[in-house]
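Colleague: The structure file my_file-v6.pdb (PDB, C-alpha atoms) is provided below.
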```
MODEL        1
ATOM      1  CA  LEU Y   1     -31.295 -12.973  -9.045
ATOM      2  CA  GLY Y   2     -28.262 -15.094  -9.907
ATOM      3  CA  PHE Y   3     -28.535 -14.068 -13.555
ATOM      4  CA  VAL Y   4     -28.737 -10.375 -12.598
ATOM      5  CA  LEU Y   5     -25.659 -10.648 -10.357
ATOM      6  CA  LEU Y   6     -23.788 -12.413 -13.138
ATOM      7  CA  GLN Y   7     -24.652  -9.620 -15.536
ATOM      8  CA  VAL Y   8     -23.593  -6.916 -13.046
ATOM      9  CA  GLY Y   9     -20.352  -8.772 -12.327
ATOM     10  CA  GLY Y  10     -19.656  -9.152 -16.036
ATOM     11  CA  ASP Y  11     -20.197  -5.449 -16.676
ATOM     12  CA  PHE Y  12     -17.940  -4.594 -13.737
ATOM     13  CA  GLY Y  13     -15.223  -6.913 -14.998
ATOM     14  CA  ARG Y  14     -15.384  -5.421 -18.479
ATOM     15  CA  GLY Y  15     -15.124  -1.968 -16.896
ATOM     16  CA  VAL Y  16     -11.970  -2.947 -15.034
ATOM     17  CA  LEU Y  17     -10.393  -4.429 -18.166
ATOM     18  CA  SER Y  18     -11.300  -1.332 -20.172
ATOM     19  CA  GLN Y  19      -9.612   1.009 -17.705
ATOM     20  CA  ILE Y  20      -6.528  -1.217 -17.440
ATOM     21  CA  GLY Y  21      -6.238  -1.073 -21.226
ATOM     22  CA  LYS Y  22      -6.380   2.731 -21.185
ATOM     23  CA  LEU Y  23      -3.740   2.982 -18.446
ATOM     24  CA  ALA Y  24      -1.460   0.527 -20.218
ATOM     25  CA  ALA Y  25      -1.714   2.478 -23.481
ATOM     26  CA  LYS Y  26      -1.021   5.753 -21.662
ATOM     27  CA  HIS Y  27       2.236   4.404 -20.240
ATOM     28  CA  GLY Y  28       3.368   2.310 -23.202
ATOM     29  CA  LEU Y  29       2.797  -0.967 -21.351
ATOM     30  CA  THR Y  30       0.679  -4.057 -21.928
ATOM     31  CA  PRO Y  31      -2.492  -4.659 -19.862
ATOM     32  CA  GLU Y  32      -0.685  -7.559 -18.156
ATOM     33  CA  GLU Y  33       1.760  -5.029 -16.688
ATOM     34  CA  VAL Y  34      -0.908  -2.957 -14.911
ATOM     35  CA  MET Y  35      -3.023  -3.661 -11.837
ATOM     36  CA  VAL Y  36      -5.777  -1.290 -10.632
ATOM     37  CA  THR Y  37      -6.286  -0.929  -6.875
ATOM     38  CA  GLU Y  38      -8.418   0.920  -4.342
ATOM     39  CA  GLY Y  39      -6.054   3.856  -4.257
ATOM     40  CA  ALA Y  40      -2.277   3.735  -4.059
ATOM     41  CA  THR Y  41      -2.400   2.748  -0.383
ATOM     42  CA  ALA Y  42      -4.235  -0.493  -1.194
ATOM     43  CA  GLY Y  43      -1.624  -1.180  -3.853
ATOM     44  CA  LEU Y  44       1.115  -0.764  -1.262
ATOM     45  CA  GLY Y  45      -0.802  -3.225   0.889
ATOM     46  CA  PHE Y  46      -0.831  -5.829  -1.894
ATOM     47  CA  ILE Y  47       2.906  -5.401  -2.371
ATOM     48  CA  SER Y  48       3.565  -5.868   1.337
ATOM     49  CA  GLU Y  49       1.277  -8.871   1.769
ATOM     50  CA  VAL Y  50       2.722 -10.685  -1.240
ATOM     51  CA  PHE Y  51       6.421  -9.960  -0.837
ATOM     52  CA  ILE Y  52       7.179  -9.226   2.834
ATOM     53  CA  TYR Y  53       7.693 -12.264   5.057
ATOM     54  CA  PRO Y  54       8.499 -12.212   8.800
ATOM     55  CA  GLY Y  55      12.114 -11.205   9.275
ATOM     56  CA  ASP Y  56      12.601  -9.729   5.802
ATOM     57  CA  GLU Y  57      14.512  -6.444   5.923
ATOM     58  CA  ILE Y  58      12.699  -3.443   4.447
ATOM     59  CA  ILE Y  59      14.580  -0.206   3.803
ATOM     60  CA  LEU Y  60      12.955   3.214   4.240
ATOM     61  CA  THR Y  61      14.513   6.667   3.857
ATOM     62  CA  PRO Y  62      12.804   8.873   6.464
ATOM     63  CA  PRO Y  63      11.101  11.230   6.680
ATOM     64  CA  THR Y  64       8.692   9.507   4.297
ATOM     65  CA  TYR Y  65       5.107   8.268   3.845
ATOM     66  CA  PRO Y  66       3.853   6.786   7.172
ATOM     67  CA  SER Y  67       1.830   3.955   5.603
ATOM     68  CA  TYR Y  68       5.057   2.162   4.665
ATOM     69  CA  TYR Y  69       5.738   1.701   8.375
ATOM     70  CA  ASN Y  70       2.244   0.335   9.001
ATOM     71  CA  TYR Y  71       2.585  -2.371   6.345
ATOM     72  CA  ILE Y  72       6.068  -3.401   7.450
ATOM     73  CA  LYS Y  73       4.798  -3.811  11.014
ATOM     74  CA  ARG Y  74       1.686  -5.709   9.936
ATOM     75  CA  CYS Y  75       3.700  -8.146   7.810
ATOM     76  CA  ARG Y  76       6.325  -8.500  10.570
ATOM     77  CA  GLY Y  77       9.174  -7.261   8.434
ATOM     78  CA  LYS Y  78      12.338  -5.825   9.949
ATOM     79  CA  LEU Y  79      12.579  -2.053   9.488
ATOM     80  CA  VAL Y  80      15.907  -0.620   8.321
ATOM     81  CA  GLU Y  81      16.030   3.190   8.195
ATOM     82  CA  VAL Y  82      18.544   5.169   6.153
ATOM     83  CA  PRO Y  83      17.673   8.832   6.867
ATOM     84  CA  MET Y  84      17.690  11.346   4.038
ATOM     85  CA  SER Y  85      20.479  13.874   3.744
ATOM     86  CA  GLU Y  86      19.723  16.781   6.078
ATOM     87  CA  GLU Y  87      21.005  19.216   3.456
ATOM     88  CA  THR Y  88      19.127  17.989   0.400
ATOM     89  CA  LEU Y  89      16.257  15.970   1.919
ATOM     90  CA  VAL Y  90      16.736  13.225  -0.660
ATOM     91  CA  PRO Y  91      18.088   9.691  -0.128
ATOM     92  CA  ASP Y  92      21.835   9.093  -0.039
ATOM     93  CA  PHE Y  93      21.980   6.119  -2.395
ATOM     94  CA  GLY Y  94      25.499   5.218  -1.368
ATOM     95  CA  LYS Y  95      24.279   4.688   2.187
ATOM     96  CA  VAL Y  96      21.150   2.880   0.993
ATOM     97  CA  LEU Y  97      23.215   0.422  -1.050
ATOM     98  CA  ALA Y  98      25.530  -0.078   1.925
ATOM     99  CA  ALA Y  99      22.488  -1.018   4.039
ATOM    100  CA  VAL Y 100      21.425  -3.788   1.641
ATOM    101  CA  THR Y 101      22.055  -7.310   2.956
ATOM    102  CA  PRO Y 102      21.097 -10.809   1.773
ATOM    103  CA  LYS Y 103      17.947 -10.385   3.911
ATOM    104  CA  THR Y 104      16.823  -7.167   2.229
ATOM    105  CA  LYS Y 105      13.540  -7.758   0.411
ATOM    106  CA  VAL Y 106      12.013  -4.360  -0.449
ATOM    107  CA  ILE Y 107      13.047  -0.697  -0.665
ATOM    108  CA  PHE Y 108      10.228   1.859  -0.618
ATOM    109  CA  LEU Y 109      10.943   5.262  -2.182
ATOM    110  CA  CYS Y 110       8.402   8.075  -2.428
ATOM    111  CA  ASN Y 111       9.242  10.396  -5.332
ATOM    112  CA  PRO Y 112       8.370  13.253  -5.084
ATOM    113  CA  ASN Y 113       8.639  12.562  -1.385
ATOM    114  CA  ASN Y 114       5.795  12.898   1.085
ATOM    115  CA  PRO Y 115       6.116  14.905   3.380
ATOM    116  CA  THR Y 116       9.191  16.886   2.240
ATOM    117  CA  GLY Y 117       8.083  17.548  -1.358
ATOM    118  CA  THR Y 118      11.643  16.959  -2.579
ATOM    119  CA  LEU Y 119      12.459  15.248  -5.862
ATOM    120  CA  ILE Y 120      15.158  12.643  -6.503
ATOM    121  CA  ASP Y 121      17.306  13.292  -9.547
ATOM    122  CA  SER Y 122      16.074  11.017 -12.360
ATOM    123  CA  GLU Y 123      19.483   9.870 -13.495
ATOM    124  CA  GLU Y 124      20.548   9.018  -9.939
ATOM    125  CA  LEU Y 125      17.358   7.046  -9.325
ATOM    126  CA  HIS Y 126      17.621   5.078 -12.562
ATOM    127  CA  ALA Y 127      21.282   4.304 -11.861
ATOM    128  CA  PHE Y 128      20.402   3.212  -8.326
ATOM    129  CA  GLN Y 129      17.762   0.819  -9.622
ATOM    130  CA  LYS Y 130      20.252  -0.769 -12.018
ATOM    131  CA  ASN Y 131      22.796  -1.242  -9.202
ATOM    132  CA  LEU Y 132      20.449  -3.101  -6.871
ATOM    133  CA  PRO Y 133      21.025  -6.831  -6.292
ATOM    134  CA  GLU Y 134      18.574  -9.161  -8.016
ATOM    135  CA  HIS Y 135      16.912 -10.226  -4.748
ATOM    136  CA  VAL Y 136      15.794  -6.668  -3.861
ATOM    137  CA  LEU Y 137      12.441  -5.253  -4.999
ATOM    138  CA  LEU Y 138      12.352  -1.478  -5.548
ATOM    139  CA  VAL Y 139       8.961   0.187  -5.060
ATOM    140  CA  VAL Y 140       8.775   3.771  -6.361
ATOM    141  CA  ASP Y 141       5.682   5.623  -5.179
ATOM    142  CA  GLU Y 142       4.916   8.336  -7.754
ATOM    143  CA  ALA Y 143       1.689   9.581  -6.162
ATOM    144  CA  TYR Y 144       2.761  13.205  -6.601
ATOM    145  CA  ILE Y 145       4.426  12.933  -9.998
ATOM    146  CA  ASP Y 146       1.730  15.044 -11.670
ATOM    147  CA  PHE Y 147       3.018  18.072  -9.752
ATOM    148  CA  VAL Y 148       6.619  17.766 -10.998
ATOM    149  CA  GLU Y 149       7.662  20.855 -12.990
ATOM    150  CA  ASP Y 150      11.209  19.759 -13.872
ATOM    151  CA  PRO Y 151      11.151  19.196 -17.673
ATOM    152  CA  ASN Y 152      14.082  16.781 -17.395
ATOM    153  CA  TYR Y 153      12.371  14.452 -14.922
ATOM    154  CA  ARG Y 154      11.806  10.864 -16.066
ATOM    155  CA  THR Y 155       9.292   8.548 -14.497
ATOM    156  CA  MET Y 156      10.529   5.126 -13.437
ATOM    157  CA  VAL Y 157       7.913   3.510 -15.679
ATOM    158  CA  ASP Y 158      10.446   3.447 -18.529
ATOM    159  CA  ALA Y 159      12.690   1.223 -16.383
ATOM    160  CA  ILE Y 160      10.063  -1.541 -16.177
ATOM    161  CA  SER Y 161      11.311  -4.676 -17.923
ATOM    162  CA  ASP Y 162      11.074  -8.455 -17.659
ATOM    163  CA  ASN Y 163      14.250  -8.650 -15.580
ATOM    164  CA  ALA Y 164      13.701  -5.579 -13.374
ATOM    165  CA  ASN Y 165      12.496  -6.044  -9.786
ATOM    166  CA  LEU Y 166      10.601  -2.756  -9.908
ATOM    167  CA  ILE Y 167       7.057  -1.628  -9.111
ATOM    168  CA  VAL Y 168       5.797   1.893  -9.851
ATOM    169  CA  VAL Y 169       2.786   3.131  -7.867
ATOM    170  CA  ARG Y 170       0.323   5.781  -9.093
ATOM    171  CA  THR Y 171      -2.944   7.289  -7.852
ATOM    172  CA  PHE Y 172      -5.819   9.512  -8.977
ATOM    173  CA  SER Y 173      -6.274  10.878  -5.437
ATOM    174  CA  LYS Y 174      -3.917  13.860  -5.719
ATOM    175  CA  LEU Y 175      -4.082  15.806  -8.974
ATOM    176  CA  TYR Y 176      -7.584  14.614  -9.832
ATOM    177  CA  GLY Y 177      -9.108  15.097  -6.359
ATOM    178  CA  MET Y 178     -10.494  11.538  -6.304
ATOM    179  CA  ALA Y 179      -9.380  10.464  -2.830
ATOM    180  CA  GLY Y 180     -12.911   9.352  -1.918
ATOM    181  CA  ALA Y 181     -13.266   7.272  -5.086
ATOM    182  CA  ARG Y 182     -10.165   5.197  -4.199
ATOM    183  CA  MET Y 183      -8.464   4.636  -7.539
ATOM    184  CA  GLY Y 184      -4.806   3.800  -7.947
ATOM    185  CA  TYR Y 185      -2.695   1.390  -9.941
ATOM    186  CA  LEU Y 186       0.555  -0.542  -9.946
ATOM    187  CA  MET Y 187       2.883  -1.039 -12.911
ATOM    188  CA  SER Y 188       5.521  -3.736 -13.194
ATOM    189  CA  ASN Y 189       6.527  -6.663 -15.369
ATOM    190  CA  ARG Y 190       4.069  -9.492 -16.017
ATOM    191  CA  GLU Y 191       5.577 -11.902 -13.508
ATOM    192  CA  ILE Y 192       5.360  -9.466 -10.604
ATOM    193  CA  VAL Y 193       1.843  -8.295 -11.525
ATOM    194  CA  ASP Y 194       0.746 -11.931 -11.718
ATOM    195  CA  TYR Y 195       1.945 -12.503  -8.146
ATOM    196  CA  LEU Y 196       0.182  -9.348  -6.968
ATOM    197  CA  GLN Y 197      -3.090 -10.333  -8.654
ATOM    198  CA  ARG Y 198      -3.204 -13.514  -6.572
ATOM    199  CA  ASP Y 199      -3.761 -11.368  -3.458
ATOM    200  CA  SER Y 200      -6.522  -9.297  -5.059
ATOM    201  CA  THR Y 201     -10.253  -9.742  -4.610
ATOM    202  CA  GLY Y 202     -12.508  -9.878  -7.666
ATOM    203  CA  PHE Y 203     -13.995  -6.453  -6.896
ATOM    204  CA  CYS Y 204     -10.885  -4.333  -6.457
ATOM    205  CA  CYS Y 205     -12.457  -0.881  -6.704
ATOM    206  CA  SER Y 206     -15.785   0.907  -7.021
ATOM    207  CA  ARG Y 207     -17.878   1.449 -10.125
ATOM    208  CA  MET Y 208     -17.770   5.213  -9.478
ATOM    209  CA  GLY Y 209     -13.984   5.126  -9.300
ATOM    210  CA  LEU Y 210     -13.737   3.225 -12.575
TER     211      LEU Y 210
ENDMDL
END
```
Take the structure in the file and give it back as structure tokens.

Modeller:
Amino acid sequence: LGFVLLQVGGDFGRGVLSQIGKLAAKHGLTPEEVMVTEGATAGLGFISEVFIYPGDEIILTPPTYPSYYNYIKRCRGKLVEVPMSEETLVPDFGKVLAAVTPKTKVIFLCNPNNPTGTLIDSEELHAFQKNLPEHVLLVVDEAYIDFVEDPNYRTMVDAISDNANLIVVRTFSKLYGMAGARMGYLMSNREIVDYLQRDSTGFCCSRMGL
């Protein structure tokens, strides 16, 4: 029985590594810069558990994805809300930057945003990321990126670098209709992915999902 379980585990592990390799190649990254998860929501959970400590300030730009609130509460972070512009329904980055303090740990941005469906201008978002202090982690949730029709839109994946505190979140649940299979993935630099992997179990997703 032990030998059989070892064989099954080995096959599963090779399956995970194979899919990570495909995702890395798709996005022009190395396998060490990709982490597969049980859907994007589980990936957000890993980010919160690893990086949010009690009292850390976490910035949200409501209205936005409700799960961000759940993880902040569970990890006992301090919520800081900077509401979106009522006219454009996108974040006002001047106000977001003004809300950053030495205690700010993470900023969650959903782009395109859930539930408004609005899209942040690519150039503004890339410039915002470059202007953030080094102690702030930017998490860009691109769960709905496959529905973007703007030909000028740029994913934040091309901003991933060794010195960028940036995580990009993706999922197969939306465009591919695989919500029940629970497949998502995180992309960042090697150092950040290494920290995230420490919070992961050996069996991160299902064989059917892979």

Colleague: Taking the file as shown, what set of residues would the PyMOL selection byres ((chain Y and resi 140-142) around 7) give back, as a list in words?

Modeller: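 Matching residues under the PyMOL selection byres ((chain Y and resi 140-142) around 7) are Phe108, Leu109, Cys110, Asn111, Pro112, Leu138, Val139, Ala143, Tyr144, Ile145, Ile167, Val168, Val169 and Arg170 of chain Y.
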
Colleague: Which value, in Å to one decimal, gives the distance between CA of Ala127 (chain Y) and CA of Asp56 (chain Y)?

Modeller: 24.2 Å

Colleague: If you apply the PyMOL selection byres ((chain Y and resi 41) around 10) to this file, what residues do you get, as a compact mmCIF listing (two decimals) with C-alpha atoms, in the frame of the given file?

Modeller:
```
# COMPACT_ATOMS: atom_id res chain seq x y z
CA THR Y 37 -6.29 -0.93 -6.88
CA GLU Y 38 -8.42 0.92 -4.34
CA GLY Y 39 -6.05 3.86 -4.26
CA ALA Y 40 -2.28 3.74 -4.06
CA ALA Y 42 -4.24 -0.49 -1.19
CA GLY Y 43 -1.62 -1.18 -3.85
CA LEU Y 44 1.12 -0.76 -1.26
CA GLY Y 45 -0.80 -3.22 0.89
CA PHE Y 46 -0.83 -5.83 -1.89
CA ILE Y 47 2.91 -5.40 -2.37
CA SER Y 67 1.83 3.96 5.60
CA TYR Y 68 5.06 2.16 4.66
CA TYR Y 71 2.58 -2.37 6.34
CA ASP Y 141 5.68 5.62 -5.18
CA ALA Y 143 1.69 9.58 -6.16
CA VAL Y 169 2.79 3.13 -7.87
CA ARG Y 170 0.32 5.78 -9.09
CA THR Y 171 -2.94 7.29 -7.85
CA ARG Y 182 -10.16 5.20 -4.20
CA MET Y 183 -8.46 4.64 -7.54
CA GLY Y 184 -4.81 3.80 -7.95
CA TYR Y 185 -2.70 1.39 -9.94
```

Colleague: Evaluate the PyMOL selection byres ((chain Y and resi 100) around 12) and record the selected residues as a count of residues only, following the chain and residue labels used in the document.

Modeller: 31

Colleague: Quick one: pull the distance between CA of Ser206 (chain Y) and CA of Val16 (chain Y), Å, one decimal.

Modeller: 9.7 Å

Colleague: Near region 189-193 of chain Y, counting all atoms listed in the file, which residues have an atom at most 6 Å away, once you skip same-chain residues fewer than 2 positions from it, shown as a list in words?

Modeller: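 After dropping sequence-adjacent residues, the list is Glu32, Glu33, Ser161, Asp162, Tyr195 and Leu196 of chain Y.
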
Colleague: Distance CA of Tyr176 (chain Y)-CA of Asp150 (chain Y), one decimal place?

Modeller: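 Computed distance, CA of Tyr176 (chain Y) to CA of Asp150 (chain Y), equals 19.9 Å.
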
Colleague: Tell me which of Y:His27, Y:Arg154, Y:Lys78, Y:His126 sits closest to Ile52 (chain Y), counting only C-alpha atoms.

Modeller: Y:Lys78

Colleague: Counting all atoms listed in the file, which residue out of Y:Asp92, Y:Thr155, Y:Ala25, Y:Met178 sits closest to Glu123 (chain Y)?

Modeller: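 Smallest separation from Glu123 (chain Y) among the options: Y:Thr155.
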
Colleague: Which residue out of Y:Cys205, Y:Val50, Y:Val148, Y:Met84 has the minimum interatomic distance to Thr64 (chain Y) when all atoms listed in the file are used?

Modeller: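 The closest residue to Thr64 (chain Y) is Y:Met84.
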
Colleague: Which centre and which edge lengths, in Å to one decimal, describe the axis-aligned box that holds all listed atoms of region 89-92 of chain Y after 5 Å is added on each side, as lines of an AutoDock Vina configuration file?

Modeller:
```
center_x = 19.0
center_y = 12.5
center_z = 0.6
size_x = 15.6
size_y = 16.9
size_z = 12.6
```

Colleague: From the list Y:Leu17, Y:Lys22, Y:Thr116, Y:Gln197, which residue is nearest Thr61 (chain Y) when using all atoms listed in the file?

Modeller: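 With all atoms listed in the file as the atom set, the closest residue is Y:Thr116.
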